[in-house]
Every structure is written in structure tokens, then in C-alpha cells.
>>> print(open('input-v6.cif').read())   # mmCIF, C-alpha atoms
data_entry
#
loop_
_atom_site.label_atom_id
_atom_site.label_comp_id
_atom_site.auth_asym_id
_atom_site.auth_seq_id
_atom_site.Cartn_x
_atom_site.Cartn_y
_atom_site.Cartn_z
CA MET A 999 68.43 60.65 69.15
CA PRO A 1000 70.54 63.73 69.96
CA ALA A 1001 73.44 64.33 67.59
CA GLU A 1002 75.92 64.29 70.44
CA GLN A 1003 74.85 60.91 71.80
CA ASP A 1004 77.88 58.65 72.19
CA ILE A 1005 77.05 55.37 73.93
CA GLY A 1006 80.70 54.27 74.04
CA ALA A 1007 81.76 57.44 75.86
CA LEU A 1008 78.84 57.08 78.26
CA GLU A 1009 79.76 53.47 79.05
CA ARG A 1010 83.31 54.57 79.83
CA ARG A 1011 81.98 57.23 82.20
CA LEU A 1012 79.59 54.73 83.79
CA GLY A 1013 82.45 52.27 84.22
CA TYR A 1014 80.33 49.52 82.73
CA HIS A 1015 80.01 47.95 79.26
CA PHE A 1016 76.56 46.63 78.43
CA ALA A 1017 76.29 43.14 76.96
CA ASN A 1018 72.83 44.24 75.78
CA PRO A 1019 73.15 47.89 74.69
CA ASP A 1020 69.41 48.03 73.97
CA LEU A 1021 68.87 48.14 77.74
CA LEU A 1022 70.97 51.28 78.04
CA GLN A 1023 69.20 52.87 75.08
CA GLU A 1024 65.84 52.09 76.70
CA ALA A 1025 67.04 53.65 79.96
CA LEU A 1026 67.93 56.85 78.10
CA THR A 1027 64.60 57.20 76.26
CA HIS A 1028 62.07 59.63 77.73
CA PRO A 1029 58.34 58.84 77.39
CA SER A 1030 57.91 61.96 75.24
CA VAL A 1031 59.56 60.12 72.35
CA GLY A 1032 56.41 58.00 71.99
CA GLY A 1033 56.04 54.30 71.33
CA ASN A 1034 56.22 51.48 73.82
CA THR A 1035 59.91 51.75 74.71
CA ASN A 1036 60.96 54.26 77.35
CA TYR A 1037 62.69 54.35 80.71
CA GLN A 1038 59.68 54.12 83.02
CA ARG A 1039 59.81 50.38 83.74
CA LEU A 1040 63.58 50.49 84.26
CA GLU A 1041 63.15 53.52 86.53
CA PHE A 1042 60.74 51.50 88.68
CA LEU A 1043 63.30 48.71 88.99
CA GLY A 1044 66.29 51.00 89.47
CA ASP A 1045 64.59 52.84 92.31
CA ARG A 1046 64.35 49.57 94.25
CA VAL A 1047 67.86 48.43 93.36
CA LEU A 1048 69.33 51.78 94.43
CA GLY A 1049 67.39 51.63 97.68
CA VAL A 1050 68.76 48.20 98.58
CA ILE A 1051 72.35 49.18 97.77
CA VAL A 1052 72.23 52.46 99.70
CA ALA A 1053 70.42 50.90 102.66
CA GLU A 1054 73.02 48.13 102.83
CA ALA A 1055 75.89 50.64 102.62
CA LEU A 1056 74.40 52.70 105.47
CA PHE A 1057 73.70 49.60 107.55
CA LYS A 1058 77.35 48.58 107.29
CA ALA A 1059 78.79 52.08 107.77
CA PHE A 1060 76.71 53.00 110.84
CA GLY A 1061 76.70 49.93 113.05
CA ASN A 1062 75.55 51.76 116.18
CA VAL A 1063 73.05 54.16 114.64
CA LYS A 1064 69.31 53.75 115.25
CA GLU A 1065 66.73 53.24 112.52
CA GLY A 1066 65.50 56.84 112.56
CA SER A 1067 68.95 58.25 111.87
CA LEU A 1068 69.55 55.66 109.16
CA ALA A 1069 66.25 56.64 107.55
CA ARG A 1070 67.23 60.33 107.52
CA ARG A 1071 70.56 59.56 105.90
CA PHE A 1072 68.89 57.23 103.41
CA ALA A 1073 66.39 59.90 102.36
CA SER A 1074 69.22 62.37 101.74
CA LEU A 1075 71.16 59.91 99.57
CA VAL A 1076 68.25 58.84 97.35
CA LYS A 1077 66.40 62.14 97.03
CA ARG A 1078 65.63 63.64 93.63
CA ASP A 1079 68.34 66.30 93.73
CA THR A 1080 71.06 63.79 94.62
CA LEU A 1081 70.04 61.55 91.73
CA ALA A 1082 69.92 64.52 89.36
CA ASP A 1083 73.43 65.56 90.41
CA VAL A 1084 74.74 62.06 89.69
CA ALA A 1085 72.97 62.06 86.32
CA ARG A 1086 74.68 65.31 85.34
CA ASP A 1087 78.04 64.11 86.61
CA VAL A 1088 78.05 61.03 84.38
CA GLY A 1089 76.62 62.88 81.39
CA LEU A 1090 73.14 61.39 81.23
CA ASP A 1091 71.70 64.84 80.47
CA ARG A 1092 73.60 64.94 77.18
CA GLN A 1093 72.77 61.36 76.19
CA LEU A 1094 69.07 61.48 77.08
CA VAL A 1095 66.67 60.96 74.15
CA LEU A 1096 63.72 63.37 74.38
CA GLY A 1097 60.79 64.25 72.17
CA ARG A 1098 61.20 67.64 70.53
CA GLY A 1099 58.65 69.35 72.76
CA ALA A 1100 60.20 68.04 75.99
CA ASP A 1101 63.66 68.99 74.73
CA ASP A 1102 62.55 72.51 73.78
CA GLU A 1103 61.03 72.90 77.26
CA GLY A 1104 64.39 72.23 78.90
CA GLY A 1105 63.84 68.60 79.81
CA ARG A 1106 67.56 67.92 80.00
CA ARG A 1107 67.85 70.38 82.88
CA LYS A 1108 64.82 69.24 84.89
CA PRO A 1109 65.86 67.45 88.12
CA ALA A 1110 62.82 65.15 88.03
CA ILE A 1111 63.70 63.83 84.57
CA LEU A 1112 67.40 63.51 85.41
CA ALA A 1113 66.56 61.60 88.60
CA ASP A 1114 64.30 59.25 86.65
CA VAL A 1115 66.90 58.48 84.00
CA CYS A 1116 69.55 57.88 86.67
CA GLU A 1117 67.34 55.27 88.32
CA ALA A 1118 66.58 53.76 84.92
CA VAL A 1119 70.28 53.34 84.12
CA ILE A 1120 70.82 51.64 87.48
CA GLY A 1121 67.95 49.31 86.65
CA ALA A 1122 69.46 48.58 83.25
CA MET A 1123 72.83 47.78 84.83
CA TYR A 1124 71.12 45.43 87.25
CA LEU A 1125 69.35 43.53 84.46
CA ASP A 1126 72.47 43.41 82.30
CA GLY A 1127 75.14 42.59 84.89
CA GLY A 1128 73.39 41.77 88.14
CA ILE A 1129 73.49 43.44 91.52
CA ASP A 1130 77.30 43.65 91.53
CA ALA A 1131 77.35 45.81 88.40
CA ALA A 1132 74.79 48.19 89.88
CA ARG A 1133 76.55 48.21 93.26
CA GLN A 1134 79.92 49.13 91.76
CA PHE A 1135 78.39 52.12 90.01
CA VAL A 1136 76.42 53.31 93.04
CA GLU A 1137 79.29 52.85 95.49
CA ARG A 1138 81.62 54.82 93.20
CA GLU A 1139 79.25 57.69 92.42
CA TRP A 1140 77.86 57.96 95.96
CA ARG A 1141 81.23 57.46 97.71
CA THR A 1142 81.78 61.12 98.58
CA LEU A 1143 78.23 61.49 99.86
CA LEU A 1144 78.55 58.36 102.01
CA VAL A 1145 81.83 59.62 103.47
CA GLU A 1146 80.20 62.97 104.29
CA GLU A 1147 77.38 61.14 106.05
CA GLU A 1148 79.87 59.01 107.96
CA ARG A 1149 81.84 62.04 109.09
CA GLY A 1150 78.72 64.03 109.86
CA ALA A 1151 80.06 66.71 107.55
CA ARG A 1152 77.83 69.56 106.40
CA ASP A 1153 77.05 69.51 102.69
CA PRO A 1154 78.28 72.95 101.47
CA LYS A 1155 75.38 73.36 99.02
CA SER A 1156 72.79 72.68 101.71
CA ALA A 1157 74.59 74.92 104.19
CA LEU A 1158 74.75 77.79 101.69
CA GLN A 1159 71.07 77.41 100.86
CA GLU A 1160 70.19 77.46 104.56
CA TRP A 1161 72.31 80.61 104.99
CA ALA A 1162 70.48 82.29 102.08
CA GLN A 1163 67.02 81.24 103.28
CA ALA A 1164 67.71 82.52 106.79
CA ARG A 1165 68.26 85.97 105.27
CA GLY A 1166 65.25 85.89 102.98
CA PHE A 1167 67.29 85.37 99.81
CA ALA A 1168 66.29 83.22 96.88
CA PRO A 1169 68.18 79.89 96.61
CA PRO A 1170 71.75 80.13 95.26
CA VAL A 1171 72.07 79.84 91.47
CA TYR A 1172 74.72 77.55 89.97
CA GLU A 1173 76.02 77.99 86.44
CA GLU A 1174 78.50 75.83 84.58
CA MET A 1175 81.16 78.21 83.27
CA LYS A 1176 83.52 75.77 81.60
CA ARG A 1177 83.86 72.09 80.83
CA VAL A 1178 87.10 70.64 79.50
CA GLY A 1179 88.49 67.18 78.86
CA PRO A 1180 86.98 64.01 77.38
CA ASP A 1181 83.52 62.76 78.34
CA HIS A 1182 84.95 59.98 80.50
CA ALA A 1183 87.22 62.35 82.47
CA PRO A 1184 85.79 65.89 82.39
CA ARG A 1185 86.74 68.91 84.49
CA PHE A 1186 84.10 71.46 85.43
CA VAL A 1187 84.22 75.08 86.56
CA VAL A 1188 80.99 76.28 88.19
CA GLU A 1189 79.96 79.69 89.51
CA VAL A 1190 77.45 80.11 92.34
CA ARG A 1191 75.65 83.42 92.88
CA LEU A 1192 73.50 84.80 95.67
CA ALA A 1193 70.65 87.26 95.29
CA ASN A 1194 72.80 89.98 96.90
CA GLY A 1195 75.35 89.68 94.07
CA GLN A 1196 78.05 87.75 95.90
CA SER A 1197 79.55 84.89 93.94
CA ALA A 1198 82.35 82.35 93.88
CA THR A 1199 83.66 79.65 91.57
CA GLY A 1200 84.71 76.07 92.14
CA GLU A 1201 86.35 73.35 90.09
CA GLY A 1202 86.03 69.58 90.18
CA GLY A 1203 86.05 66.35 88.28
CA SER A 1204 82.24 66.35 88.24
CA LYS A 1205 79.65 69.09 88.15
CA ARG A 1206 78.49 68.09 91.62
CA LYS A 1207 82.01 68.43 93.02
CA ALA A 1208 82.53 71.76 91.28
CA GLU A 1209 79.23 73.06 92.69
CA SER A 1210 80.20 71.85 96.14
CA ALA A 1211 83.59 73.56 95.87
CA ALA A 1212 81.96 76.80 94.73
CA ALA A 1213 79.41 76.66 97.56
CA LYS A 1214 82.15 75.99 100.11
CA SER A 1215 84.15 78.96 98.84
CA LEU A 1216 81.18 81.34 98.91
CA LEU A 1217 80.00 80.06 102.27
CA GLY A 1218 83.43 80.77 103.73
CA ALA A 1219 83.31 84.29 102.35
CA VAL A 1220 79.84 85.19 103.61
CA GLU A 1221 80.33 83.60 107.04
CA ASN A 1222 83.55 85.54 107.58
CA ASN A 1223 81.99 88.91 106.72
#
>>> encode(input="input-v6.cif", output="C-alpha cells")
Amino acid sequence: MPAEQDIGALERRLGYHFANPDLLQEALTHPSVGGNTNYQRLEFLGDRVLGVIVAEALFKAFGNVKEGSLARRFASLVKRDTLADVARDVGLDRQLVLGRGADDEGGRRKPAILADVCEAVIGAMYLDGGIDAARQFVEREWRTLLVEEERGARDPKSALQEWAQARGFAPPVYEEMKRVGPDHAPRFVVEVRLANGQSATGEGGSKRKAESAAAKSLLGAVENN
């Protein structure tokens, strides 16, 4: 267990208190720890629960949209990088329990692991509090993304990456510069850099929002040059 693990602070950030805290601990335990208890079964369940909640939200939000367009939006909302962003935003990277080797290899930063633990936590919420508990978490953490889909807005991070790729650049690099405030209400400052040296910073109440703000700022600068 990492020294900084604080289940109470994590529950406050999740907006949910577990009646059975063992479920949350299981959801935070990577297979590298060994033994029979890890997040894989909860990840399996959480993947399905998340899919139902997001599909229902899209079905209600886009009443006149055909299946193909709904499927595209769905894929964007449940993809690995989206789940990893949510995991970082709520602090799952800091609370994750990893074996020493996986930790030393940077497991806390790997999008695949972060996506898995995010799904596992959703599965744990579902088992502990039912579909309503899981839905409240998903609807809150995915709200901005759903609104962007509804408005047809361009995601600044995707737009900046497309701009860089079109010019033969490597993908933009994001770095957390500062984090202040308590775990349940943090503020982040993130810098994004391009291969040509241009950079910008952004601030937000989650790392995802700070990255989006930084990307939007840099995209505005490069598109106006």
C-alpha cells in the first residue's frame, strides 16, 4: 500500500462513501501485487456498467441521431485515454496499489492501467450502491465531455494533436507543473509543449481540464501565426 493512500480523501473526491470499503481496496489493487485479490474482475464488471450508463446518456441527449453517430460518440467517451484522464482527475493514480516492479516501471502513469482501475472503481460502486451510485459518478465526471459531444465542440487536445501530426511533429507533451489544494478539491497547472518548442499553460479543477485549457491556449497561438 502506498504511503500516501488515503481512502477517506478518495471517497470524498469520488463523491461516494463505500458501505464495504474492501470493494474499493480491491478495485485499487493491481495484479502485480500478487494473491487472489486484484481489480480484474471489477474491471470486467465496470466496463459493462460504464457502457450502459454512457449509452443511455447518449441515447437521451441525441434523440435524432442515427446509430452510427451514436457509436462514434460512444467510442470517444469510453476509450482508454478518456478513462485514464478521469482516473487522474479523481486521484486514482496516487491511491493505486502496485507491486514494486510495476511501480518502478511507471505503472501509475500508464494509461492502460489507469483506464483499468477507473473501470474497476465504477464496478465497485455498482456492487456497493447499485446503478444509481455508479451513474452519479459517471454523469458528474463525464459531464463536460457529454456537453462537448452535444455541442459538437472540438476537443482542444485532439485538435492540437491533429495540428501537430499534420506538420510531422511528435504528439504534444503535457506536464503537471503545480497542484494545490486538498485532494477532494485540487487545482492543477499544466504545461503543454510541441516539438518545435512552442508551449502554453492552463489551469483547472482537474488535470484533464488544465490540459484542455493549455491545449486550447496553444492551439489559439499556433493557428493565429
>>> atom_distance(input="input-v6.cif", atom1="atom CA of Arg1191 of chain A", atom2="atom CA of Val1171 of chain A")
5.3 Å
>>> resolve_selection(input="input-v6.cif", expression="the PyMOL selection byres ((chain A and resi 1188) around 8)", output="JSON, numbers by chain")
{"A": [1172, 1173, 1174, 1175, 1176, 1186, 1187, 1189, 1190, 1199, 1200, 1201, 1205, 1208, 1209, 1212]}
>>> closest_residue(input="input-v6.cif", among="A:Trp1161, A:Tyr1014, A:Phe1167, A:Phe1042", to="Gln1134 of chain A", atoms="only C-alpha atoms")
A:Tyr1014
>>> resolve_selection(input="input-v6.cif", expression="the PyMOL selection byres ((chain A and resi 1157) around 12)", output="number ranges by chain")
A: 1151-1156, 1158-1164, 1169-1170, 1210, 1213-1218, 1220-1221
>>> residues_near_point(input="input-v6.cif", point="(66.2, 73.9, 85.1)", cutoff="12 Å", atoms="all atoms listed in the file", output="JSON, numbers by chain")
{"A": [1079, 1082, 1091, 1101, 1102, 1103, 1104, 1105, 1106, 1107, 1108, 1109, 1110, 1111, 1112, 1171, 1172, 1173]}
>>> closest_residue(input="input-v6.cif", among="A:Thr1142, A:Asn1034, A:Asn1062, A:Thr1027", to="Leu1075 of chain A", atoms="only C-alpha atoms")
A:Thr1142
>>> atom_distance(input="input-v6.cif", atom1="atom CA of Leu1192 of chain A", atom2="atom CA of Arg1086 of chain A")
22.1 Å
>>> resolve_selection(input="input-v6.cif", expression="the PyMOL selection byres ((chain A and resi 1133) around 9)", output="PDB file with C-alpha atoms, in the frame of the given file")
ATOM      1  CA  VAL A1047      67.860  48.430  93.360  1.00  0.00           C
ATOM      2  CA  LEU A1048      69.330  51.780  94.430  1.00  0.00           C
ATOM      3  CA  ILE A1051      72.350  49.180  97.770  1.00  0.00           C
ATOM      4  CA  VAL A1052      72.230  52.460  99.700  1.00  0.00           C
ATOM      5  CA  ILE A1120      70.820  51.640  87.480  1.00  0.00           C
ATOM      6  CA  TYR A1124      71.120  45.430  87.250  1.00  0.00           C
ATOM      7  CA  GLY A1128      73.390  41.770  88.140  1.00  0.00           C
ATOM      8  CA  ILE A1129      73.490  43.440  91.520  1.00  0.00           C
ATOM      9  CA  ASP A1130      77.300  43.650  91.530  1.00  0.00           C
ATOM     10  CA  ALA A1131      77.350  45.810  88.400  1.00  0.00           C
ATOM     11  CA  ALA A1132      74.790  48.190  89.880  1.00  0.00           C
ATOM     12  CA  GLN A1134      79.920  49.130  91.760  1.00  0.00           C
ATOM     13  CA  PHE A1135      78.390  52.120  90.010  1.00  0.00           C
ATOM     14  CA  VAL A1136      76.420  53.310  93.040  1.00  0.00           C
ATOM     15  CA  GLU A1137      79.290  52.850  95.490  1.00  0.00           C
ATOM     16  CA  ARG A1138      81.620  54.820  93.200  1.00  0.00           C
TER      17      ARG A1138
END
>>> closest_residue(input="input-v6.cif", among="A:Cys1116, A:Val1095, A:Ala1183, A:Ala1007", to="Leu1081 of chain A", atoms="all atoms listed in the file")
A:Cys1116
>>> closest_residue(input="input-v6.cif", among="A:Asp1181, A:Ser1074, A:Gln1196, A:Arg1206", to="Gly1006 of chain A", atoms="only C-alpha atoms")
A:Asp1181
>>> axis_aligned_box(input="input-v6.cif", around="segment 1074-1087 of chain A", padding_each_side="6 Å", output="JSON")
{"center_x": 71.8, "center_y": 62.6, "center_z": 93.5, "size_x": 24.4, "size_y": 19.5, "size_z": 28.4}
>>> atom_distance(input="input-v6.cif", atom1="atom CA of Leu1068 of chain A", atom2="atom CA of Ala1122 of chain A")
26.9 Å
>>> closest_residue(input="input-v6.cif", among="A:Val1050, A:Asp1087, A:Leu1043, A:Met1123", to="Asp1020 of chain A", atoms="all atoms listed in the file")
A:Met1123
>>> residues_around(input="input-v6.cif", residues="Val1031 of chain A", least_positions_apart="3", cutoff="6 Å", atoms="only C-alpha atoms", output="NGL selection string")
:A and (1028 or 1096-1097)
